[in-house]
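Raw protein20.cif, mmCIF, C-alpha atoms and all ligand atoms:
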data_my_file
#
loop_
_atom_site.group_PDB
_atom_site.id
_atom_site.type_symbol
_atom_site.label_atom_id
_atom_site.label_comp_id
_atom_site.auth_asym_id
_atom_site.auth_seq_id
_atom_site.Cartn_x
_atom_site.Cartn_y
_atom_site.Cartn_z
ATOM 1 C CA MET A 4 -20.955 -5.488 2.058
ATOM 2 C CA THR A 5 -21.324 -9.033 0.711
ATOM 3 C CA GLN A 6 -21.753 -11.414 3.617
ATOM 4 C CA ALA A 7 -18.777 -13.799 3.575
ATOM 5 C CA ILE A 8 -20.822 -16.206 5.674
ATOM 6 C CA SER A 9 -23.117 -17.139 2.760
ATOM 7 C CA ARG A 10 -20.300 -18.492 0.601
ATOM 8 C CA PRO A 11 -19.345 -22.189 0.708
ATOM 9 C CA ALA A 12 -16.066 -23.099 2.375
ATOM 10 C CA PRO A 13 -13.169 -23.555 -0.059
ATOM 11 C CA SER A 14 -10.973 -26.621 0.342
ATOM 12 C CA MET A 15 -8.042 -26.464 2.759
ATOM 13 C CA ALA A 16 -5.677 -26.469 -0.235
ATOM 14 C CA GLU A 17 -7.411 -23.368 -1.585
ATOM 15 C CA LYS A 18 -7.258 -21.717 1.829
ATOM 16 C CA ILE A 19 -3.541 -22.475 2.112
ATOM 17 C CA ASP A 20 -3.031 -20.865 -1.307
ATOM 18 C CA SER A 21 -4.951 -17.792 -0.106
ATOM 19 C CA ILE A 22 -2.879 -17.557 3.076
ATOM 20 C CA ASP A 23 0.330 -17.915 1.054
ATOM 21 C CA ALA A 24 -0.753 -15.186 -1.339
ATOM 22 C CA LEU A 25 -1.680 -12.710 1.357
ATOM 23 C CA CYS A 26 1.467 -13.403 3.394
ATOM 24 C CA ALA A 27 3.620 -12.964 0.286
ATOM 25 C CA ARG A 28 1.867 -9.658 -0.341
ATOM 26 C CA ALA A 29 2.206 -8.612 3.298
ATOM 27 C CA ARG A 30 5.763 -9.626 4.252
ATOM 28 C CA ILE A 31 5.071 -7.556 7.385
ATOM 29 C CA MET A 32 1.587 -7.738 8.882
ATOM 30 C CA PRO A 33 0.636 -4.978 11.318
ATOM 31 C CA VAL A 34 -1.338 -6.309 14.278
ATOM 32 C CA ILE A 35 -3.667 -3.416 14.969
ATOM 33 C CA THR A 36 -5.850 -2.622 17.952
ATOM 34 C CA ILE A 37 -8.004 0.416 17.222
ATOM 35 C CA ALA A 38 -8.168 2.663 20.286
ATOM 36 C CA ARG A 39 -10.492 5.319 18.779
ATOM 37 C CA GLU A 40 -12.875 5.001 15.881
ATOM 38 C CA GLU A 41 -11.505 8.158 14.304
ATOM 39 C CA ASP A 42 -8.103 6.446 14.002
ATOM 40 C CA ILE A 43 -9.335 3.734 11.629
ATOM 41 C CA LEU A 44 -8.847 5.475 8.297
ATOM 42 C CA PRO A 45 -5.770 7.624 9.053
ATOM 43 C CA LEU A 46 -3.960 4.660 10.577
ATOM 44 C CA ALA A 47 -4.772 2.384 7.633
ATOM 45 C CA ASP A 48 -3.796 5.133 5.198
ATOM 46 C CA ALA A 49 -0.447 5.690 6.949
ATOM 47 C CA LEU A 50 0.335 1.966 6.824
ATOM 48 C CA ASP A 51 -0.744 1.823 3.187
ATOM 49 C CA ALA A 52 1.430 4.828 2.318
ATOM 50 C CA GLY A 53 4.346 3.040 3.997
ATOM 51 C CA GLY A 54 3.725 -0.069 1.884
ATOM 52 C CA LEU A 55 1.775 -2.244 4.322
ATOM 53 C CA GLN A 56 -1.524 -3.278 2.764
ATOM 54 C CA VAL A 57 -2.395 -6.489 4.587
ATOM 55 C CA LEU A 58 -3.786 -5.505 7.971
ATOM 56 C CA GLU A 59 -4.757 -7.651 10.942
ATOM 57 C CA ILE A 60 -7.404 -5.829 12.974
ATOM 58 C CA THR A 61 -7.761 -7.376 16.402
ATOM 59 C CA LEU A 62 -10.948 -7.732 18.391
ATOM 60 C CA ARG A 63 -9.145 -6.438 21.483
ATOM 61 C CA SER A 64 -11.064 -3.176 21.386
ATOM 62 C CA PRO A 65 -14.750 -2.442 20.780
ATOM 63 C CA HIS A 66 -13.815 -0.867 17.440
ATOM 64 C CA GLY A 67 -12.405 -4.005 15.826
ATOM 65 C CA LEU A 68 -15.522 -5.092 13.943
ATOM 66 C CA THR A 69 -16.307 -1.532 12.892
ATOM 67 C CA ALA A 70 -12.772 -1.141 11.591
ATOM 68 C CA ILE A 71 -13.013 -4.326 9.526
ATOM 69 C CA ARG A 72 -16.363 -3.244 8.073
ATOM 70 C CA ARG A 73 -15.261 0.290 7.288
ATOM 71 C CA LEU A 74 -11.945 -0.681 5.746
ATOM 72 C CA ARG A 75 -13.622 -3.282 3.511
ATOM 73 C CA GLU A 76 -16.056 -0.623 2.330
ATOM 74 C CA GLU A 77 -13.875 2.462 2.262
ATOM 75 C CA ARG A 78 -10.425 1.014 1.447
ATOM 76 C CA PRO A 79 -11.249 -1.987 -0.763
ATOM 77 C CA HIS A 80 -7.706 -2.214 -2.152
ATOM 78 C CA LEU A 81 -6.410 -3.247 1.291
ATOM 79 C CA CYS A 82 -6.509 -6.830 2.538
ATOM 80 C CA VAL A 83 -8.227 -6.764 5.926
ATOM 81 C CA GLY A 84 -8.160 -9.659 8.351
ATOM 82 C CA ALA A 85 -9.370 -10.176 11.897
ATOM 83 C CA GLY A 86 -7.111 -10.997 14.834
ATOM 84 C CA THR A 87 -7.706 -12.167 18.381
ATOM 85 C CA VAL A 88 -10.536 -14.395 17.208
ATOM 86 C CA LEU A 89 -10.943 -16.584 20.277
ATOM 87 C CA ASP A 90 -14.038 -18.687 19.603
ATOM 88 C CA ARG A 91 -16.658 -19.637 16.998
ATOM 89 C CA HIS A 92 -18.884 -16.689 17.912
ATOM 90 C CA MET A 93 -16.106 -14.220 17.182
ATOM 91 C CA LEU A 94 -15.375 -16.147 13.999
ATOM 92 C CA ALA A 95 -18.976 -15.705 12.853
ATOM 93 C CA ALA A 96 -18.867 -12.003 13.727
ATOM 94 C CA VAL A 97 -15.709 -11.288 11.727
ATOM 95 C CA GLU A 98 -16.998 -13.286 8.756
ATOM 96 C CA GLU A 99 -20.127 -11.144 8.807
ATOM 97 C CA ALA A 100 -18.002 -7.983 9.019
ATOM 98 C CA GLY A 101 -16.164 -9.034 5.867
ATOM 99 C CA ALA A 102 -12.788 -10.191 7.207
ATOM 100 C CA GLN A 103 -10.647 -11.630 4.422
ATOM 101 C CA PHE A 104 -8.590 -13.777 6.767
ATOM 102 C CA ILE A 105 -8.766 -14.796 10.396
ATOM 103 C CA VAL A 106 -6.008 -15.002 12.990
ATOM 104 C CA SER A 107 -6.106 -16.404 16.501
ATOM 105 C CA PRO A 108 -3.456 -16.125 19.205
ATOM 106 C CA GLY A 109 -3.867 -19.823 20.035
ATOM 107 C CA SER A 110 -5.761 -22.915 18.995
ATOM 108 C CA THR A 111 -8.787 -24.699 20.383
ATOM 109 C CA ASP A 112 -10.330 -27.756 18.779
ATOM 110 C CA ASP A 113 -13.698 -26.021 18.562
ATOM 111 C CA LEU A 114 -12.329 -22.909 16.840
ATOM 112 C CA LEU A 115 -10.204 -24.895 14.394
ATOM 113 C CA ARG A 116 -13.168 -27.091 13.454
ATOM 114 C CA ALA A 117 -15.485 -24.081 13.074
ATOM 115 C CA ALA A 118 -12.938 -22.426 10.777
ATOM 116 C CA LEU A 119 -12.903 -25.527 8.558
ATOM 117 C CA GLN A 120 -16.513 -24.694 7.667
ATOM 118 C CA SER A 121 -15.739 -21.031 7.085
ATOM 119 C CA PRO A 122 -15.315 -19.454 3.654
ATOM 120 C CA VAL A 123 -12.499 -17.369 5.134
ATOM 121 C CA PRO A 124 -8.974 -18.805 5.538
ATOM 122 C CA MET A 125 -7.590 -19.013 9.045
ATOM 123 C CA LEU A 126 -4.093 -18.699 10.431
ATOM 124 C CA PRO A 127 -4.291 -20.339 13.855
ATOM 125 C CA GLY A 128 -1.877 -19.370 16.607
ATOM 126 C CA VAL A 129 0.459 -22.014 18.018
ATOM 127 C CA ALA A 130 3.215 -21.979 20.596
ATOM 128 C CA SER A 131 4.296 -25.617 20.659
ATOM 129 C CA ALA A 132 4.794 -28.790 18.611
ATOM 130 C CA SER A 133 1.700 -30.313 20.204
ATOM 131 C CA GLU A 134 -0.519 -27.409 19.132
ATOM 132 C CA ILE A 135 0.839 -27.653 15.588
ATOM 133 C CA MET A 136 -0.067 -31.359 15.602
ATOM 134 C CA VAL A 137 -3.651 -30.620 16.658
ATOM 135 C CA GLY A 138 -4.017 -28.249 13.709
ATOM 136 C CA TYR A 139 -2.066 -30.557 11.403
ATOM 137 C CA ALA A 140 -4.531 -33.384 12.028
ATOM 138 C CA LEU A 141 -7.325 -31.114 10.793
ATOM 139 C CA GLY A 142 -5.405 -30.130 7.647
ATOM 140 C CA TYR A 143 -3.871 -26.833 8.735
ATOM 141 C CA ARG A 144 -0.382 -26.161 7.357
ATOM 142 C CA ARG A 145 0.048 -22.440 8.011
ATOM 143 C CA PHE A 146 0.250 -21.024 11.539
ATOM 144 C CA LYS A 147 1.012 -17.924 13.515
ATOM 145 C CA LEU A 148 3.831 -18.575 16.011
ATOM 146 C CA PHE A 149 2.793 -16.546 19.044
ATOM 147 C CA PRO A 150 4.363 -15.094 21.120
ATOM 148 C CA ALA A 151 7.314 -15.709 18.834
ATOM 149 C CA GLU A 152 10.188 -14.296 20.853
ATOM 150 C CA VAL A 153 8.955 -15.870 24.086
ATOM 151 C CA CYS A 154 8.481 -19.224 22.314
ATOM 152 C CA GLY A 155 12.133 -19.326 21.306
ATOM 153 C CA GLY A 156 12.197 -17.032 18.286
ATOM 154 C CA THR A 157 14.304 -18.037 15.310
ATOM 155 C CA ALA A 158 15.898 -20.951 17.186
ATOM 156 C CA ALA A 159 12.457 -22.449 17.815
ATOM 157 C CA LEU A 160 11.472 -22.002 14.165
ATOM 158 C CA LYS A 161 14.654 -23.737 13.001
ATOM 159 C CA ALA A 162 13.939 -26.631 15.350
ATOM 160 C CA LEU A 163 10.268 -26.868 14.291
ATOM 161 C CA GLY A 164 11.408 -27.027 10.655
ATOM 162 C CA GLY A 165 12.750 -30.535 11.354
ATOM 163 C CA PRO A 166 9.568 -32.466 12.114
ATOM 164 C CA PHE A 167 7.248 -30.029 10.352
ATOM 165 C CA GLY A 168 8.889 -29.637 6.948
ATOM 166 C CA ASP A 169 5.671 -28.635 5.165
ATOM 167 C CA ILE A 170 4.588 -26.043 7.738
ATOM 168 C CA ARG A 171 5.127 -22.311 7.346
ATOM 169 C CA PHE A 172 4.742 -19.668 10.012
ATOM 170 C CA CYS A 173 3.987 -16.013 10.609
ATOM 171 C CA PRO A 174 5.952 -15.260 13.800
ATOM 172 C CA THR A 175 4.368 -12.513 15.893
ATOM 173 C CA GLY A 176 5.129 -11.161 19.343
ATOM 174 C CA GLY A 177 8.413 -9.394 19.972
ATOM 175 C CA VAL A 178 9.259 -8.992 16.290
ATOM 176 C CA SER A 179 10.787 -5.623 15.387
ATOM 177 C CA THR A 180 13.288 -3.999 13.049
ATOM 178 C CA ALA A 181 15.994 -5.473 15.291
ATOM 179 C CA ASN A 182 15.160 -9.066 14.355
ATOM 180 C CA LEU A 183 12.770 -9.196 11.401
ATOM 181 C CA GLN A 184 15.515 -9.907 8.865
ATOM 182 C CA ARG A 185 16.599 -12.976 10.861
ATOM 183 C CA TYR A 186 13.016 -14.235 10.895
ATOM 184 C CA MET A 187 12.403 -13.597 7.217
ATOM 185 C CA ALA A 188 15.638 -15.388 6.272
ATOM 186 C CA LEU A 189 14.180 -18.681 7.523
ATOM 187 C CA PRO A 190 12.634 -20.970 4.891
ATOM 188 C CA ASN A 191 9.617 -21.754 7.080
ATOM 189 C CA VAL A 192 8.724 -18.089 7.691
ATOM 190 C CA MET A 193 6.273 -16.606 5.190
ATOM 191 C CA CYS A 194 5.803 -13.202 6.822
ATOM 192 C CA VAL A 195 6.106 -11.576 10.236
ATOM 193 C CA GLY A 196 3.523 -9.770 12.331
ATOM 194 C CA GLY A 197 3.809 -7.056 14.916
ATOM 195 C CA SER A 198 2.777 -3.735 16.316
ATOM 196 C CA TRP A 199 6.088 -1.886 16.515
ATOM 197 C CA MET A 200 5.285 0.371 13.519
ATOM 198 C CA LEU A 201 1.965 1.602 14.965
ATOM 199 C CA ASP A 202 3.191 4.249 17.395
ATOM 200 C CA SER A 203 1.397 7.425 16.286
ATOM 201 C CA SER A 204 2.454 9.622 19.204
ATOM 202 C CA ASN A 205 4.518 11.634 16.719
ATOM 203 C CA GLY A 206 1.757 11.746 14.110
ATOM 204 C CA TRP A 207 0.535 9.497 11.310
ATOM 205 C CA ASP A 208 3.565 10.176 9.179
ATOM 206 C CA ALA A 209 5.685 8.424 11.817
ATOM 207 C CA VAL A 210 3.619 5.285 11.162
ATOM 208 C CA ARG A 211 4.171 5.612 7.432
ATOM 209 C CA GLN A 212 7.888 6.100 7.976
ATOM 210 C CA ALA A 213 8.241 3.175 10.405
ATOM 211 C CA SER A 214 6.385 0.936 7.946
ATOM 212 C CA ALA A 215 8.522 1.975 4.992
ATOM 213 C CA GLU A 216 11.736 1.597 7.001
ATOM 214 C CA ALA A 217 10.773 -1.908 8.069
ATOM 215 C CA LEU A 218 9.949 -2.970 4.512
ATOM 216 C CA ALA A 219 13.196 -1.468 3.255
ATOM 217 C CA LEU A 220 15.075 -3.892 5.506
ATOM 218 C CA LEU A 221 13.658 -6.744 3.424
ATOM 219 C CA ASP A 222 14.807 -5.439 0.029
HETATM 220 O O1 LIG B 1 -0.122 -9.685 20.793
HETATM 221 C C1 LIG B 1 0.415 -9.488 19.743
HETATM 222 C C2 LIG B 1 0.889 -8.193 19.425
HETATM 223 O O2 LIG B 1 -0.089 -7.301 19.212
HETATM 224 C C3 LIG B 1 1.894 -8.237 18.379
HETATM 225 O O3 LIG B 1 3.046 -8.431 19.066
HETATM 226 P P1 LIG B 1 3.993 -7.197 19.394
HETATM 227 O O4 LIG B 1 3.137 -6.135 20.037
HETATM 228 O O5 LIG B 1 5.010 -7.766 20.322
HETATM 229 O O6 LIG B 1 4.551 -6.755 18.090
HETATM 230 C C1 LIG B 2 -1.574 -12.440 18.423
HETATM 231 C C2 LIG B 2 -2.540 -12.349 17.380
HETATM 232 O O1 LIG B 2 -2.220 -12.295 16.222
HETATM 233 C C3 LIG B 2 -3.928 -12.342 17.735
HETATM 234 O O2 LIG B 2 -4.267 -11.817 18.804
HETATM 235 O O3 LIG B 2 -4.730 -12.874 16.987
#
Represent the structure of the file as C-alpha cells.
Amino acid sequence: MTQAISRPAPSMAEKIDSIDALCARARIMPVITIAREEDILPLADALDAGGLQVLEITLRSPHGLTAIRRLREERPHLCVGAGTVLDRHMLAAVEEAGAQFIVSPGSTDDLLRAALQSPVPMLPGVASASEIMVGYALGYRRFKLFPAEVCGGTAALKALGGPFGDIRFCPTGGVSTANLQRYMALPNVMCVGGSWMLDSSNGWDAVRQASAEALALLD
C-alpha cells in the first residue's frame, strides 16, 4: 500500500473537488463499524452489490484500521474513507492505512489544522453555525452535519443555507429511507450518511437489498 502520508497536501480547492466527486459518486454513504474482522469483505461486497461503493469505516472498533487497509488492497475499486477520526493521531493512522477521505463527528481546531496539512481530504463534522464558522475560517466548505436529525434535520439545513450559501453538507445521524429523499432534495445536501442499511441479521443479501432499495428512492 502506498503511504498517503508521504504525498504533499493538495490545495483546499482540490480537496473540495475531491469531496464533491466522492459524494456525487456515493449519494448514500454507509457509516460502518466493523464488529468482526471476518465481516470486512462480505459486508463491503454486499454494499457494493447494492450499489454503494463509497464506504466510511469508523474507528469505533479495533478493526477499523484493518478494514481500511484490507479494502484498499483487496477491493481497490471501492472508495474507502475513515470515520470517527477524533484527533491528529487518528488522522495520521488512517492516512497510513490508506484512507481516501476522512470524516469526523465534530470539529476541533487542532484536528482541522492537522487535516489542512494532510494529503487526504476531510469532511469535518459540525452541529452548529459556530462550528461551521470555525471550519470556514480555515477554508473548509464541505461538512458532515451530525447528528443530523437531532440538529434539526432538513429544517436546520434550510436555515443554514441562508448565511452559508457556499457550504454543502452530508447529513448523518437519523437518516433512513423514511427521510433521505427530503434531505437529498435540498440544494445544500451533497449526499447522506447512515447505518440503516447495515443490518446483516438476515444475511448479507439483506444488506445488498437495503442498499439497492435506498438508492432506488433517489432515481
Ligand atoms: O453515528 C453515526 C452513525 O453511525 C450514523 O448514524 P445512524 O446510525 O443514525 O444512521
Ligand atoms: C458520525 C461520523 O460520521 C463519524 O463518527 O465520523
Starting from the shown file, work through the PyMOL selection byres (((chain A and resi 156-167) around 10) and not hetatm) and note down what comes out as a CSV table (one decimal) with C-alpha atoms, keeping the file's coordinate frame.
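Produced file selection-v1.csv, reproduced below:
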chain,number,residue,atom,x,y,z
A,130,ALA,CA,3.2,-22.0,20.6
A,131,SER,CA,4.3,-25.6,20.7
A,132,ALA,CA,4.8,-28.8,18.6
A,135,ILE,CA,0.8,-27.7,15.6
A,136,MET,CA,-0.1,-31.4,15.6
A,139,TYR,CA,-2.1,-30.6,11.4
A,144,ARG,CA,-0.4,-26.2,7.4
A,148,LEU,CA,3.8,-18.6,16.0
A,149,PHE,CA,2.8,-16.5,19.0
A,150,PRO,CA,4.4,-15.1,21.1
A,151,ALA,CA,7.3,-15.7,18.8
A,152,GLU,CA,10.2,-14.3,20.9
A,153,VAL,CA,9.0,-15.9,24.1
A,154,CYS,CA,8.5,-19.2,22.3
A,155,GLY,CA,12.1,-19.3,21.3
A,168,GLY,CA,8.9,-29.6,6.9
A,169,ASP,CA,5.7,-28.6,5.2
A,170,ILE,CA,4.6,-26.0,7.7
A,171,ARG,CA,5.1,-22.3,7.3
A,172,PHE,CA,4.7,-19.7,10.0
A,174,PRO,CA,6.0,-15.3,13.8
A,175,THR,CA,4.4,-12.5,15.9
A,176,GLY,CA,5.1,-11.2,19.3
A,177,GLY,CA,8.4,-9.4,20.0
A,178,VAL,CA,9.3,-9.0,16.3
A,182,ASN,CA,15.2,-9.1,14.4
A,183,LEU,CA,12.8,-9.2,11.4
A,185,ARG,CA,16.6,-13.0,10.9
A,186,TYR,CA,13.0,-14.2,10.9
A,187,MET,CA,12.4,-13.6,7.2
A,188,ALA,CA,15.6,-15.4,6.3
A,189,LEU,CA,14.2,-18.7,7.5
A,190,PRO,CA,12.6,-21.0,4.9
A,191,ASN,CA,9.6,-21.8,7.1
A,192,VAL,CA,8.7,-18.1,7.7
Dump the neighbourhood of ligand LIG 1 (chain B) as JSON, numbers by chain: all residues within 12 Å, distances computed on all atoms listed in the file. {"A": [31, 32, 33, 34, 35, 36, 37, 58, 59, 60, 61, 62, 63, 64, 86, 87, 88, 106, 107, 108, 109, 128, 147, 148, 149, 150, 151, 152, 153, 156, 173, 174, 175, 176, 177, 178, 179, 180, 181, 182, 183, 195, 196, 197, 198, 199, 200, 201, 202]}
Give me the box for ligand LIG 2 (chain B) as lines of an AutoDock Vina configuration file, namely the centre and edge lengths in Å to one decimal of a box along x, y and z that holds every listed atom plus 5 Å on each side.
center_x = -3.2
center_y = -12.3
center_z = 17.5
size_x = 13.2
size_y = 11.1
size_z = 12.6
Taking only C-alpha atoms and all ligand atoms into account, name the residue in A:Val57, A:Met193, A:Ala213, A:Val129 that is nearest to ligand LIG 2 (chain B).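 The answer is A:Val129, which sits nearest to ligand LIG 2 (chain B).
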Test item: the PyMOL selection byres (((chain A and resi 22) around 9) and not hetatm) resolved as a VMD selection string: chain A and resid 17 to 21 23 to 27 104 124 to 126 145
Missing atoms in region 115-142 of chain A need filling: write out N, CA and C atoms for it as a PDB file, keeping the file's coordinate frame.
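Result file follows (rebuild-v2.pdb):
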ATOM      1  N   LEU A 115     -10.809 -24.360  15.622  1.00  0.00           N
ATOM      2  CA  LEU A 115     -10.204 -24.895  14.394  1.00  0.00           C
ATOM      3  C   LEU A 115     -11.235 -25.631  13.559  1.00  0.00           C
ATOM      4  N   ARG A 116     -12.125 -26.372  14.204  1.00  0.00           N
ATOM      5  CA  ARG A 116     -13.168 -27.091  13.454  1.00  0.00           C
ATOM      6  C   ARG A 116     -14.182 -26.105  12.855  1.00  0.00           C
ATOM      7  N   ALA A 117     -14.549 -25.080  13.610  1.00  0.00           N
ATOM      8  CA  ALA A 117     -15.485 -24.081  13.074  1.00  0.00           C
ATOM      9  C   ALA A 117     -14.877 -23.405  11.839  1.00  0.00           C
ATOM     10  N   ALA A 118     -13.583 -23.119  11.902  1.00  0.00           N
ATOM     11  CA  ALA A 118     -12.938 -22.426  10.777  1.00  0.00           C
ATOM     12  C   ALA A 118     -12.858 -23.314   9.541  1.00  0.00           C
ATOM     13  N   LEU A 119     -12.887 -24.640   9.731  1.00  0.00           N
ATOM     14  CA  LEU A 119     -12.903 -25.527   8.558  1.00  0.00           C
ATOM     15  C   LEU A 119     -14.155 -25.291   7.720  1.00  0.00           C
ATOM     16  N   GLN A 120     -15.240 -24.920   8.369  1.00  0.00           N
ATOM     17  CA  GLN A 120     -16.513 -24.694   7.667  1.00  0.00           C
ATOM     18  C   GLN A 120     -16.624 -23.271   7.129  1.00  0.00           C
ATOM     19  N   SER A 121     -15.652 -22.442   7.444  1.00  0.00           N
ATOM     20  CA  SER A 121     -15.739 -21.031   7.085  1.00  0.00           C
ATOM     21  C   SER A 121     -15.253 -20.791   5.661  1.00  0.00           C
ATOM     22  N   PRO A 122     -15.843 -19.835   4.960  1.00  0.00           N
ATOM     23  CA  PRO A 122     -15.315 -19.454   3.654  1.00  0.00           C
ATOM     24  C   PRO A 122     -14.000 -18.678   3.742  1.00  0.00           C
ATOM     25  N   VAL A 123     -13.652 -18.251   4.950  1.00  0.00           N
ATOM     26  CA  VAL A 123     -12.499 -17.369   5.134  1.00  0.00           C
ATOM     27  C   VAL A 123     -11.310 -18.190   5.658  1.00  0.00           C
ATOM     28  N   PRO A 124     -10.121 -18.027   5.070  1.00  0.00           N
ATOM     29  CA  PRO A 124      -8.974 -18.805   5.538  1.00  0.00           C
ATOM     30  C   PRO A 124      -8.508 -18.361   6.918  1.00  0.00           C
ATOM     31  N   MET A 125      -8.021 -19.326   7.685  1.00  0.00           N
ATOM     32  CA  MET A 125      -7.590 -19.013   9.045  1.00  0.00           C
ATOM     33  C   MET A 125      -6.118 -19.353   9.251  1.00  0.00           C
ATOM     34  N   LEU A 126      -5.472 -18.497  10.016  1.00  0.00           N
ATOM     35  CA  LEU A 126      -4.093 -18.699  10.431  1.00  0.00           C
ATOM     36  C   LEU A 126      -4.124 -18.893  11.949  1.00  0.00           C
ATOM     37  N   PRO A 127      -4.159 -20.132  12.408  1.00  0.00           N
ATOM     38  CA  PRO A 127      -4.291 -20.339  13.855  1.00  0.00           C
ATOM     39  C   PRO A 127      -2.966 -20.084  14.577  1.00  0.00           C
ATOM     40  N   GLY A 128      -3.061 -19.577  15.784  1.00  0.00           N
ATOM     41  CA  GLY A 128      -1.877 -19.370  16.607  1.00  0.00           C
ATOM     42  C   GLY A 128      -1.435 -20.670  17.256  1.00  0.00           C
ATOM     43  N   VAL A 129      -0.119 -20.857  17.319  1.00  0.00           N
ATOM     44  CA  VAL A 129       0.459 -22.014  18.018  1.00  0.00           C
ATOM     45  C   VAL A 129       1.694 -21.551  18.771  1.00  0.00           C
ATOM     46  N   ALA A 130       2.007 -22.291  19.830  1.00  0.00           N
ATOM     47  CA  ALA A 130       3.215 -21.979  20.596  1.00  0.00           C
ATOM     48  C   ALA A 130       4.017 -23.232  20.904  1.00  0.00           C
ATOM     49  N   SER A 131       3.593 -24.372  20.340  1.00  0.00           N
ATOM     50  CA  SER A 131       4.296 -25.617  20.659  1.00  0.00           C
ATOM     51  C   SER A 131       4.087 -26.644  19.556  1.00  0.00           C
ATOM     52  N   ALA A 132       4.933 -27.693  19.569  1.00  0.00           N
ATOM     53  CA  ALA A 132       4.794 -28.790  18.611  1.00  0.00           C
ATOM     54  C   ALA A 132       3.433 -29.468  18.766  1.00  0.00           C
ATOM     55  N   SER A 133       2.982 -29.627  19.991  1.00  0.00           N
ATOM     56  CA  SER A 133       1.700 -30.313  20.204  1.00  0.00           C
ATOM     57  C   SER A 133       0.540 -29.531  19.583  1.00  0.00           C
ATOM     58  N   GLU A 134       0.568 -28.213  19.727  1.00  0.00           N
ATOM     59  CA  GLU A 134      -0.519 -27.409  19.132  1.00  0.00           C
ATOM     60  C   GLU A 134      -0.470 -27.485  17.610  1.00  0.00           C
ATOM     61  N   ILE A 135       0.727 -27.493  17.044  1.00  0.00           N
ATOM     62  CA  ILE A 135       0.839 -27.653  15.588  1.00  0.00           C
ATOM     63  C   ILE A 135       0.206 -28.986  15.180  1.00  0.00           C
ATOM     64  N   MET A 136       0.451 -30.026  15.963  1.00  0.00           N
ATOM     65  CA  MET A 136      -0.067 -31.359  15.602  1.00  0.00           C
ATOM     66  C   MET A 136      -1.592 -31.424  15.678  1.00  0.00           C
ATOM     67  N   VAL A 137      -2.183 -30.675  16.589  1.00  0.00           N
ATOM     68  CA  VAL A 137      -3.651 -30.620  16.658  1.00  0.00           C
ATOM     69  C   VAL A 137      -4.196 -29.992  15.370  1.00  0.00           C
ATOM     70  N   GLY A 138      -3.590 -28.885  14.953  1.00  0.00           N
ATOM     71  CA  GLY A 138      -4.017 -28.249  13.709  1.00  0.00           C
ATOM     72  C   GLY A 138      -3.680 -29.101  12.492  1.00  0.00           C
ATOM     73  N   TYR A 139      -2.525 -29.735  12.532  1.00  0.00           N
ATOM     74  CA  TYR A 139      -2.066 -30.557  11.403  1.00  0.00           C
ATOM     75  C   TYR A 139      -3.077 -31.670  11.114  1.00  0.00           C
ATOM     76  N   ALA A 140      -3.576 -32.276  12.192  1.00  0.00           N
ATOM     77  CA  ALA A 140      -4.531 -33.384  12.028  1.00  0.00           C
ATOM     78  C   ALA A 140      -5.805 -32.928  11.329  1.00  0.00           C
ATOM     79  N   LEU A 141      -6.121 -31.651  11.438  1.00  0.00           N
ATOM     80  CA  LEU A 141      -7.325 -31.114  10.793  1.00  0.00           C
ATOM     81  C   LEU A 141      -7.020 -30.542   9.409  1.00  0.00           C
ATOM     82  N   GLY A 142      -5.763 -30.581   8.993  1.00  0.00           N
ATOM     83  CA  GLY A 142      -5.405 -30.130   7.647  1.00  0.00           C
ATOM     84  C   GLY A 142      -4.682 -28.802   7.594  1.00  0.00           C
TER      85      GLY A 142
END
